[in-house]
Number of protein chains: 2
Amino acid sequence: MKIIKAKTALKNYSVYVGADFKYFLPLLIKEKFKNCEKILLVTNDKVFDIYKDTVKNTLEKCGTPYEIAIIRDGEEFKNLESVESIYSRLIEFNMHRNDVLIAFGGGVIGDMAGFAASTFHRGIGFIQCPTTIIGQVDSSIGGKVGVNYNKIKNIIGSFYQPDSVLIDTSLNYTLDEDQIINGLGEVVKYGIVFDRRILDKLEKNISFENEDRLFKLVRKKEFRDIIYRCSYLKVKVVEKDEFDTGCRNLLNFGHTLGHCIENVFDLRSINHGKAISIGMMIAVDISISLGLLNDNIKNRLIDLYRKLKMPYMMPEIDIGKIIDAIKYDKKFKSSQNKFILLKDINKPMFYYGVEQGVIVDNVKKSMYN
Amino acid sequence: MKIIKAKTALKNYSVYVGADFKYFLPLLIKEKFKNCEKILLVTNDKVFDIYKDTVKNTLEKCGTPYEIAIIRDGEEFKNLESVESIYSRLIEFNMHRNDVLIAFGGGVIGDMAGFAASTFHRGIGFIQCPTTIIGQVDSSIGGKVGVNYNKIKNIIGSFYQPDSVLIDTSLNYTLDEDQIINGLGEVVKYGIVFDRRILDKLEKNISFENEDRLFKLVRKKEFRDIIYRCSYLKVKVVEKDEFDTGCRNLLNFGHTLGHCIENVFDLRSINHGKAISIGMMIAVDISISLGLLNDNIKNRLIDLYRKLKMPYMMPEIDIGKIIDAIKYDKKFKSSQNKFILLKDINKPMFYYGVEQGVIVDNVKKSMYN
């Protein structure tokens, strides 16, 4: 297990990478949450189906009265109604500020349960136990919690740092291929924006050989190192810019168009990682077409994307819908139009006022026919 | 105008006491909110009826596109539904983090609009313009924002400091008598807990002589000084204990039972200030019955209460309901049972585990027959 210390204005906390959930959670509760009298663990039906016994046995070992709240799995349930269902459980169980909410699930569970934790009694104890790659490398760290509203991603939320983040990478062994690809999108983002050695390591540990290569990848020791490196980078960026007014924005590489794609697909038929994978490739294309980036970079990335089964082309959809979404998306209209583009691998830059025509042309490149 | 500088972990900001809303708001927007492109002013129907023209003319002078959101007046509308109606306006008006929400109203509007501001895009610009005494001396300062849920007061909320607090004490001239009494409850609290000179000043500036004495009081220069003093004390307490884990708790003198009384009266038929006035008197009685406090203090306070038309006896209600509320209130059951009691004026203390029987006996004293 490796420990990353995060120091923020709101809270100092530790990220435990490679911790064993079963053994470590009871230790953590007993050592760091001595005033905690009650625990509510929030998870989703899919994760709970797999880890029912582990979760119950682990909570028993904590020696603290607990309850489990199960939310339906999926981005479409990341909303205020689900948050209210968590509030109801917190109220029924009569929990107070000293008590602890544990998020045991992917990014959706972490964001949503975190928002409930941040707003119940103006903030109660909060432990993130991400069960997906995307949760482990990105959303569980840094205190951005929130939900979607009116189909707008994460528009309601707050900054609320967790008290601890417990990353058990062995939980990734039960992910299906789509979920692995979802996480790899964010992992590759760290490689492109911050540390090319992540890309090197991915390339070394994957080949076209086997159909089940992603399942093999996540079981490798080297992949745990990659997760450690990504979460370390996340901590460092958050420490520098907790409230996202500067460099933390770089983490949004590929996300502006990615969110747009997610919205067109109704937050349902495409996952976040896949949407931002396509979004990153469009950002690469825009960078090339603006003469910022050499186009051989794109070939290297496409090669890696294919090995990792990450999409670089849009799923089939009426091209008009995507173009309309871009045209009517307020982000692209207002003076706020800001893109993160690339001058090279690990040389990101902010670019203001990319013309709509340039965006549309490059989106078209990502579409079949 | 007097300026109080508040320094907190989350934000540094100024409280402008005695500012003229009409002249000062446009100045403030132009000087301190240069990146603001849009303003949403949130108010209630009652306040807006009185200040419609002032509000519109003032916003025009800010020179920034604006909209006005009007919520129905009353504690019973301090809920998530109202917050969602504010979210909808913020979304329709396409507001971003750099834009500003102004709360123009009493504590309900300030708390609720502040919660919306704190959670929209994880926090947008926020100016408090309290139009009531209770808002000016208490709720607009210190960053406690939130709403009621399931009839539990303020159980959903966050810590979110305003960017500025504009206190125009002349707005108090249109308050009705009930609203003045509501505010005097909190003012007297500051006098009892922190600074006896507030009580002296109130006593000096009020007599039994006139039926309209409260309206005269709020128009006095001395009353503006009292408001300044209370808001100054509030700032100092918040600076010491922003997240309410220590001395900020003292501000809850009279509130534990006060909230209970508000709940029994359904948050409707008694206002917050009246409920805590009674709550403070019960806390005084408990302090006396535990031998902590000399009972002549009570006589002085009752005399002042009567001059200020503050209730010290419960409105008519089935005594069983109050006792049940106390018996079943989780706060009184759990190990968290903590009361703020008095050893003397300006000598508050935390007292743990007051027996239920003692509480009930002293509640009975506050009931007719």
# chains A, B, ... in the order shown; residues from 1 in each chain; ligands from 1

call {"tool": "select_by_dssp", "arguments": {"residues": "range 74-301 of chain B", "states": "helix (DSSP H, G or I)", "output": "MDAnalysis selection string"}}
result
chainID B and resid 75:77 80:92 107:119 133:139 169:174 177:193 196:204 213:219 221:240 247:252 255:264 272:289 296:301

call {"tool": "closest_atom_pairs", "arguments": {"of": "chain A", "to": "chain B", "cutoff": "6 Å", "atoms": "only C-alpha atoms", "output": "tab-separated table"}}
result
residue	atom	partner	partner_atom	distance
A:Thr119	CA	B:Gly157	CA	4.7
A:Phe120	CA	B:Ile156	CA	4.9
A:His121	CA	B:Ile155	CA	5.0
A:Arg122	CA	B:Ser158	CA	4.2
A:Ile155	CA	B:His121	CA	5.0
A:Ile156	CA	B:Phe120	CA	4.9
A:Gly157	CA	B:Thr119	CA	4.7
A:Ser158	CA	B:Arg122	CA	4.2

call {"tool": "closest_residue", "arguments": {"among": "A:Ser139, A:Asn12, A:Ser366, A:Ser289", "to": "Ile322 in chain A", "atoms": "only C-alpha atoms"}}
result
A:Ser366

call {"tool": "residues_around", "arguments": {"residues": "Glu209 in chain A", "least_positions_apart": "5", "cutoff": "12 Å", "atoms": "only C-alpha atoms", "output": "PyMOL selection string"}}
result
chain A and resi 214+216+306-308

call {"tool": "write_last_selection", "arguments": {"atoms": "N, CA and C atoms", "output": "JSON list (two decimals), in the first residue's frame"}}
result
[["chain", "number", "residue", "atom", "x", "y", "z"],
["A", 214, "LEU", "N", -7.59, -6.55, -21.90],
["A", 214, "LEU", "CA", -7.88, -5.52, -20.89],
["A", 214, "LEU", "C", -8.01, -6.14, -19.50],
["A", 216, "LYS", "N", -6.51, -8.76, -18.52],
["A", 216, "LYS", "CA", -5.14, -9.08, -18.09],
["A", 216, "LYS", "C", -4.42, -7.83, -17.60],
["A", 306, "ARG", "N", -6.48, 1.85, -29.96],
["A", 306, "ARG", "CA", -6.97, 0.57, -30.50],
["A", 306, "ARG", "C", -6.53, -0.59, -29.62],
["A", 307, "LYS", "N", -5.31, -0.52, -29.13],
["A", 307, "LYS", "CA", -4.86, -1.57, -28.21],
["A", 307, "LYS", "C", -5.75, -1.60, -26.96],
["A", 308, "LEU", "N", -6.12, -0.42, -26.51],
["A", 308, "LEU", "CA", -6.90, -0.31, -25.27],
["A", 308, "LEU", "C", -8.41, -0.37, -25.53]]

call {"tool": "residues_around", "arguments": {"residues": "range 337-353 of chain B", "least_positions_apart": "3", "cutoff": "9 Å", "atoms": "only C-alpha atoms", "output": "PDB file with N, CA and C atoms, in the first residue's frame"}}
result
ATOM      1  N   TYR B 190     -27.398  38.239  21.647  1.00  0.00           N
ATOM      2  CA  TYR B 190     -26.022  38.776  21.674  1.00  0.00           C
ATOM      3  C   TYR B 190     -25.759  39.496  22.995  1.00  0.00           C
ATOM      4  N   GLY B 191     -26.778  40.218  23.467  1.00  0.00           N
ATOM      5  CA  GLY B 191     -26.630  40.921  24.735  1.00  0.00           C
ATOM      6  C   GLY B 191     -26.426  39.967  25.898  1.00  0.00           C
ATOM      7  N   ILE B 192     -27.225  38.897  25.939  1.00  0.00           N
ATOM      8  CA  ILE B 192     -27.125  37.942  27.047  1.00  0.00           C
ATOM      9  C   ILE B 192     -25.810  37.169  26.987  1.00  0.00           C
ATOM     10  N   VAL B 193     -25.450  36.694  25.796  1.00  0.00           N
ATOM     11  CA  VAL B 193     -24.316  35.779  25.693  1.00  0.00           C
ATOM     12  C   VAL B 193     -22.979  36.518  25.637  1.00  0.00           C
ATOM     13  N   PHE B 194     -22.915  37.636  24.886  1.00  0.00           N
ATOM     14  CA  PHE B 194     -21.607  38.239  24.614  1.00  0.00           C
ATOM     15  C   PHE B 194     -21.368  39.636  25.187  1.00  0.00           C
ATOM     16  N   ASP B 195     -22.377  40.519  25.122  1.00  0.00           N
ATOM     17  CA  ASP B 195     -22.090  41.918  25.430  1.00  0.00           C
ATOM     18  C   ASP B 195     -23.280  42.599  26.111  1.00  0.00           C
ATOM     19  N   ARG B 196     -23.184  42.738  27.433  1.00  0.00           N
ATOM     20  CA  ARG B 196     -24.297  43.277  28.212  1.00  0.00           C
ATOM     21  C   ARG B 196     -24.639  44.717  27.817  1.00  0.00           C
ATOM     22  N   ASN B 249     -20.947  27.634  18.504  1.00  0.00           N
ATOM     23  CA  ASN B 249     -22.090  26.987  19.134  1.00  0.00           C
ATOM     24  C   ASN B 249     -22.810  27.874  20.133  1.00  0.00           C
ATOM     25  N   LEU B 250     -22.070  28.799  20.740  1.00  0.00           N
ATOM     26  CA  LEU B 250     -22.688  29.697  21.727  1.00  0.00           C
ATOM     27  C   LEU B 250     -23.812  30.528  21.100  1.00  0.00           C
ATOM     28  N   ASN B 252     -26.004  29.491  19.490  1.00  0.00           N
ATOM     29  CA  ASN B 252     -27.234  28.699  19.554  1.00  0.00           C
ATOM     30  C   ASN B 252     -27.938  28.779  20.900  1.00  0.00           C
ATOM     31  N   PHE B 253     -27.528  29.721  21.725  1.00  0.00           N
ATOM     32  CA  PHE B 253     -28.215  29.893  23.014  1.00  0.00           C
ATOM     33  C   PHE B 253     -29.718  30.072  22.763  1.00  0.00           C
ATOM     34  N   GLY B 254     -30.511  29.256  23.447  1.00  0.00           N
ATOM     35  CA  GLY B 254     -31.971  29.333  23.289  1.00  0.00           C
ATOM     36  C   GLY B 254     -32.502  28.620  22.062  1.00  0.00           C
ATOM     37  N   THR B 256     -31.839  25.359  20.921  1.00  0.00           N
ATOM     38  CA  THR B 256     -32.159  23.936  20.988  1.00  0.00           C
ATOM     39  C   THR B 256     -33.656  23.778  21.247  1.00  0.00           C
ATOM     40  N   MET B 280     -34.726  30.864  25.096  1.00  0.00           N
ATOM     41  CA  MET B 280     -33.707  31.466  25.966  1.00  0.00           C
ATOM     42  C   MET B 280     -34.216  31.534  27.401  1.00  0.00           C
ATOM     43  N   ALA B 283     -33.946  28.262  28.926  1.00  0.00           N
ATOM     44  CA  ALA B 283     -32.535  27.994  29.252  1.00  0.00           C
ATOM     45  C   ALA B 283     -32.127  28.734  30.529  1.00  0.00           C
ATOM     46  N   VAL B 284     -32.660  29.946  30.690  1.00  0.00           N
ATOM     47  CA  VAL B 284     -32.409  30.700  31.932  1.00  0.00           C
ATOM     48  C   VAL B 284     -33.009  29.938  33.117  1.00  0.00           C
ATOM     49  N   ILE B 286     -33.678  26.738  33.339  1.00  0.00           N
ATOM     50  CA  ILE B 286     -32.899  25.521  33.594  1.00  0.00           C
ATOM     51  C   ILE B 286     -31.616  25.883  34.359  1.00  0.00           C
ATOM     52  N   SER B 287     -30.971  26.980  33.925  1.00  0.00           N
ATOM     53  CA  SER B 287     -29.735  27.408  34.594  1.00  0.00           C
ATOM     54  C   SER B 287     -29.991  27.699  36.064  1.00  0.00           C
ATOM     55  N   ILE B 288     -31.121  28.371  36.334  1.00  0.00           N
ATOM     56  CA  ILE B 288     -31.474  28.684  37.729  1.00  0.00           C
ATOM     57  C   ILE B 288     -31.751  27.398  38.497  1.00  0.00           C
ATOM     58  N   GLY B 291     -28.970  25.582  39.714  1.00  0.00           N
ATOM     59  CA  GLY B 291     -28.141  26.318  40.669  1.00  0.00           C
ATOM     60  C   GLY B 291     -26.961  27.039  40.049  1.00  0.00           C
ATOM     61  N   LEU B 292     -27.012  27.228  38.733  1.00  0.00           N
ATOM     62  CA  LEU B 292     -25.895  27.897  38.056  1.00  0.00           C
ATOM     63  C   LEU B 292     -26.043  29.409  38.077  1.00  0.00           C
ATOM     64  N   LEU B 293     -27.309  29.866  38.064  1.00  0.00           N
ATOM     65  CA  LEU B 293     -27.591  31.276  37.808  1.00  0.00           C
ATOM     66  C   LEU B 293     -28.479  31.853  38.907  1.00  0.00           C
ATOM     67  N   ASN B 294     -28.181  33.092  39.255  1.00  0.00           N
ATOM     68  CA  ASN B 294     -28.985  33.811  40.245  1.00  0.00           C
ATOM     69  C   ASN B 294     -30.321  34.206  39.627  1.00  0.00           C
ATOM     70  N   ILE B 297     -31.520  37.656  37.692  1.00  0.00           N
ATOM     71  CA  ILE B 297     -31.233  37.870  36.260  1.00  0.00           C
ATOM     72  C   ILE B 297     -32.521  37.716  35.455  1.00  0.00           C
ATOM     73  N   LYS B 330     -34.643  13.537  18.757  1.00  0.00           N
ATOM     74  CA  LYS B 330     -33.427  12.730  18.857  1.00  0.00           C
ATOM     75  C   LYS B 330     -32.307  13.475  19.584  1.00  0.00           C
ATOM     76  N   LYS B 331     -32.313  14.791  19.452  1.00  0.00           N
ATOM     77  CA  LYS B 331     -31.250  15.584  20.093  1.00  0.00           C
ATOM     78  C   LYS B 331     -31.228  15.373  21.605  1.00  0.00           C
ATOM     79  N   PHE B 332     -32.432  15.245  22.172  1.00  0.00           N
ATOM     80  CA  PHE B 332     -32.503  15.135  23.623  1.00  0.00           C
ATOM     81  C   PHE B 332     -32.239  13.717  24.104  1.00  0.00           C
ATOM     82  N   LYS B 333     -32.319  12.782  23.154  1.00  0.00           N
ATOM     83  CA  LYS B 333     -32.126  11.386  23.525  1.00  0.00           C
ATOM     84  C   LYS B 333     -30.661  10.989  23.465  1.00  0.00           C
ATOM     85  N   SER B 334     -29.995  11.434  22.403  1.00  0.00           N
ATOM     86  CA  SER B 334     -28.659  10.906  22.114  1.00  0.00           C
ATOM     87  C   SER B 334     -27.644  11.454  23.103  1.00  0.00           C
ATOM     88  N   GLN B 356     -33.923  14.788  31.215  1.00  0.00           N
ATOM     89  CA  GLN B 356     -35.174  15.116  30.534  1.00  0.00           C
ATOM     90  C   GLN B 356     -36.205  15.714  31.492  1.00  0.00           C
TER      91      GLN B 356
END

call {"tool": "closest_residue", "arguments": {"among": "A:Asp111, A:Asp178, A:Asp138, A:Glu355", "to": "Met310 in chain A", "atoms": "only C-alpha atoms"}}
result
A:Asp178

call {"tool": "residues_around", "arguments": {"residues": "Tyr13 in chain A", "least_positions_apart": "2", "cutoff": "12 Å", "atoms": "only C-alpha atoms", "output": "PDB file with C-alpha atoms, in the first residue's frame"}}
result
ATOM      1  CA  ILE A   3      -0.056   6.606   0.943  1.00  0.00           C
ATOM      2  CA  ILE A   4      -0.485   9.978  -0.760  1.00  0.00           C
ATOM      3  CA  LYS A   5      -1.011  12.933   1.571  1.00  0.00           C
ATOM      4  CA  ALA A   6      -3.356  15.580   0.198  1.00  0.00           C
ATOM      5  CA  LYS A   7      -3.173  19.070   1.693  1.00  0.00           C
ATOM      6  CA  THR A   8      -6.044  21.369   0.803  1.00  0.00           C
ATOM      7  CA  ALA A   9      -7.562  24.527   2.269  1.00  0.00           C
ATOM      8  CA  LEU A  10     -10.655  22.600   3.269  1.00  0.00           C
ATOM      9  CA  LYS A  11      -9.041  19.452   4.675  1.00  0.00           C
ATOM     10  CA  VAL A  15      -5.226   8.521  -0.238  1.00  0.00           C
ATOM     11  CA  TYR A  16      -4.388   4.862   0.406  1.00  0.00           C
ATOM     12  CA  LYS A  32      -9.130   7.871  12.241  1.00  0.00           C
ATOM     13  CA  GLY A 125     -17.635  12.400   7.760  1.00  0.00           C
ATOM     14  CA  PHE A 126     -16.945  11.021   4.305  1.00  0.00           C
ATOM     15  CA  ILE A 127     -14.814   8.135   3.004  1.00  0.00           C
ATOM     16  CA  GLN A 128     -14.399   7.419  -0.686  1.00  0.00           C
ATOM     17  CA  ILE A 141      -9.944  12.614  -5.172  1.00  0.00           C
ATOM     18  CA  GLY A 142     -10.254  16.376  -5.003  1.00  0.00           C
ATOM     19  CA  GLY A 143     -13.623  17.130  -3.492  1.00  0.00           C
ATOM     20  CA  TYR A 160     -16.135  18.888  -0.273  1.00  0.00           C
ATOM     21  CA  GLN A 161     -12.940  16.979   0.354  1.00  0.00           C
ATOM     22  CA  PRO A 162     -13.246  13.399   1.644  1.00  0.00           C
ATOM     23  CA  ASP A 163     -11.694  12.512   5.000  1.00  0.00           C
ATOM     24  CA  SER A 164      -9.995   9.467   3.468  1.00  0.00           C
ATOM     25  CA  VAL A 165      -9.770   7.764   0.092  1.00  0.00           C
ATOM     26  CA  LEU A 166      -9.337   3.997   0.129  1.00  0.00           C
ATOM     27  CA  VAL A 235      -3.680  15.079  -5.700  1.00  0.00           C
ATOM     28  CA  GLU A 239      -3.392  20.939  -4.064  1.00  0.00           C
TER      29      GLU A 239
END

call {"tool": "residues_around", "arguments": {"residues": "Leu175 in chain B", "least_positions_apart": "2", "cutoff": "9 Å", "atoms": "only C-alpha atoms", "output": "VMD selection string"}}
result
chain B and resid 131 to 133 171 to 173 177 to 180 215

call {"tool": "residues_around", "arguments": {"residues": "Ile71 in chain A", "least_positions_apart": "5", "cutoff": "9 Å", "atoms": "only C-alpha atoms", "output": "compact mmCIF listing (two decimals) with N, CA and C atoms, in the first residue's frame"}}
result
# COMPACT_ATOMS: atom_id res chain seq x y z
N VAL A 42 -23.04 3.84 1.06
CA VAL A 42 -23.89 4.03 -0.12
C VAL A 42 -23.23 3.33 -1.30
N THR A 43 -24.00 2.50 -1.98
CA THR A 43 -23.48 1.76 -3.11
C THR A 43 -24.56 1.64 -4.19
N ASN A 44 -24.26 0.94 -5.28
CA ASN A 44 -25.32 0.71 -6.26
C ASN A 44 -25.65 -0.77 -6.37
N ASP A 45 -26.77 -1.09 -6.99
CA ASP A 45 -27.25 -2.48 -7.02
C ASP A 45 -26.24 -3.41 -7.70
N PHE A 77 -29.24 8.05 -12.85
CA PHE A 77 -29.73 8.14 -11.47
C PHE A 77 -28.87 9.07 -10.61
N SER A 82 -32.09 10.91 -6.14
CA SER A 82 -31.24 9.92 -5.44
C SER A 82 -30.61 10.53 -4.19
N SER A 85 -33.01 10.49 -1.49
CA SER A 85 -33.20 9.17 -0.89
C SER A 85 -32.07 8.90 0.12
N ILE A 86 -30.88 9.44 -0.15
CA ILE A 86 -29.79 9.29 0.83
C ILE A 86 -30.08 10.15 2.08
N ILE A 109 -21.60 7.06 -7.82
CA ILE A 109 -21.86 6.89 -6.38
C ILE A 109 -21.01 7.86 -5.56

call {"tool": "atom_distance", "arguments": {"atom1": "CA of Gly357 in chain B", "atom2": "CA of Asp318 in chain B"}}
result
18.0 Å

call {"tool": "select_by_dssp", "arguments": {"residues": "range 24-251 of chain A", "states": "strand (DSSP E or B)", "output": "ChimeraX atom specification"}}
result
/A:39-44,66-71,100-105,120,125-130,144-149,152-159,164-167

call {"tool": "closest_residue", "arguments": {"among": "B:Ile317, B:Val83, B:Leu90, B:Cys129", "to": "Val47 in chain B", "atoms": "only C-alpha atoms"}}
result
B:Cys129

call {"tool": "closest_residue", "arguments": {"among": "B:Ile278, B:Val363, B:Ile226, B:Ala19", "to": "Pro130 in chain B", "atoms": "only C-alpha atoms"}}
result
B:Ala19

call {"tool": "decode", "arguments": {"residues": "range 295-318 of chain A", "atoms": "N, CA and C atoms", "output": "compact mmCIF listing (two decimals), in the first residue's frame"}}
result
# COMPACT_ATOMS: atom_id res chain seq x y z
N ASP A 295 1.02 16.09 -36.61
CA ASP A 295 -0.02 15.06 -36.73
C ASP A 295 0.47 13.63 -36.51
N ASN A 296 1.77 13.42 -36.36
CA ASN A 296 2.19 12.04 -36.04
C ASN A 296 1.82 11.65 -34.60
N ILE A 297 1.58 12.66 -33.77
CA ILE A 297 1.11 12.36 -32.41
C ILE A 297 -0.22 11.60 -32.48
N LYS A 298 -1.05 12.04 -33.40
CA LYS A 298 -2.37 11.41 -33.52
C LYS A 298 -2.24 9.92 -33.84
N ASN A 299 -1.28 9.59 -34.73
CA ASN A 299 -1.12 8.18 -35.10
C ASN A 299 -0.71 7.32 -33.90
N ARG A 300 0.19 7.86 -33.10
CA ARG A 300 0.61 7.11 -31.91
C ARG A 300 -0.60 6.88 -30.99
N LEU A 301 -1.39 7.95 -30.82
CA LEU A 301 -2.53 7.83 -29.92
C LEU A 301 -3.58 6.84 -30.46
N ILE A 302 -3.83 6.90 -31.77
CA ILE A 302 -4.82 5.97 -32.33
C ILE A 302 -4.36 4.53 -32.14
N ASP A 303 -3.06 4.31 -32.30
CA ASP A 303 -2.52 2.97 -32.08
C ASP A 303 -2.78 2.52 -30.64
N LEU A 304 -2.50 3.41 -29.70
CA LEU A 304 -2.73 3.07 -28.30
C LEU A 304 -4.23 2.88 -28.02
N TYR A 305 -5.05 3.81 -28.52
CA TYR A 305 -6.51 3.69 -28.36
C TYR A 305 -6.98 2.30 -28.81
N ARG A 306 -6.48 1.85 -29.96
CA ARG A 306 -6.97 0.57 -30.50
C ARG A 306 -6.53 -0.59 -29.62
N LYS A 307 -5.31 -0.52 -29.13
CA LYS A 307 -4.86 -1.57 -28.21
C LYS A 307 -5.75 -1.60 -26.96
N LEU A 308 -6.12 -0.42 -26.51
CA LEU A 308 -6.90 -0.31 -25.27
C LEU A 308 -8.41 -0.37 -25.53
N LYS A 309 -8.77 -0.62 -26.80
CA LYS A 309 -10.18 -0.70 -27.20
C LYS A 309 -10.96 0.60 -26.91
N MET A 310 -10.23 1.70 -26.86
CA MET A 310 -10.90 3.00 -26.63
C MET A 310 -11.41 3.55 -27.96
N PRO A 311 -12.63 4.10 -27.96
CA PRO A 311 -13.18 4.61 -29.22
C PRO A 311 -12.52 5.94 -29.60
N TYR A 312 -12.21 6.09 -30.88
CA TYR A 312 -11.75 7.40 -31.34
C TYR A 312 -12.70 7.94 -32.40
N MET A 313 -13.71 7.12 -32.75
CA MET A 313 -14.75 7.59 -33.65
C MET A 313 -16.08 7.56 -32.89
N MET A 314 -16.95 8.46 -33.28
CA MET A 314 -18.27 8.58 -32.65
C MET A 314 -19.12 7.34 -32.97
N PRO A 315 -19.91 6.85 -32.01
CA PRO A 315 -20.87 5.80 -32.36
C PRO A 315 -21.85 6.37 -33.39
N GLU A 316 -22.52 5.49 -34.11
CA GLU A 316 -23.41 5.98 -35.17
C GLU A 316 -24.50 6.90 -34.62
N ILE A 317 -24.61 8.06 -35.20
CA ILE A 317 -25.64 9.02 -34.79
C ILE A 317 -25.81 10.02 -35.92
N ASP A 318 -26.97 10.61 -36.00
CA ASP A 318 -27.24 11.65 -37.00
C ASP A 318 -26.26 12.80 -36.74
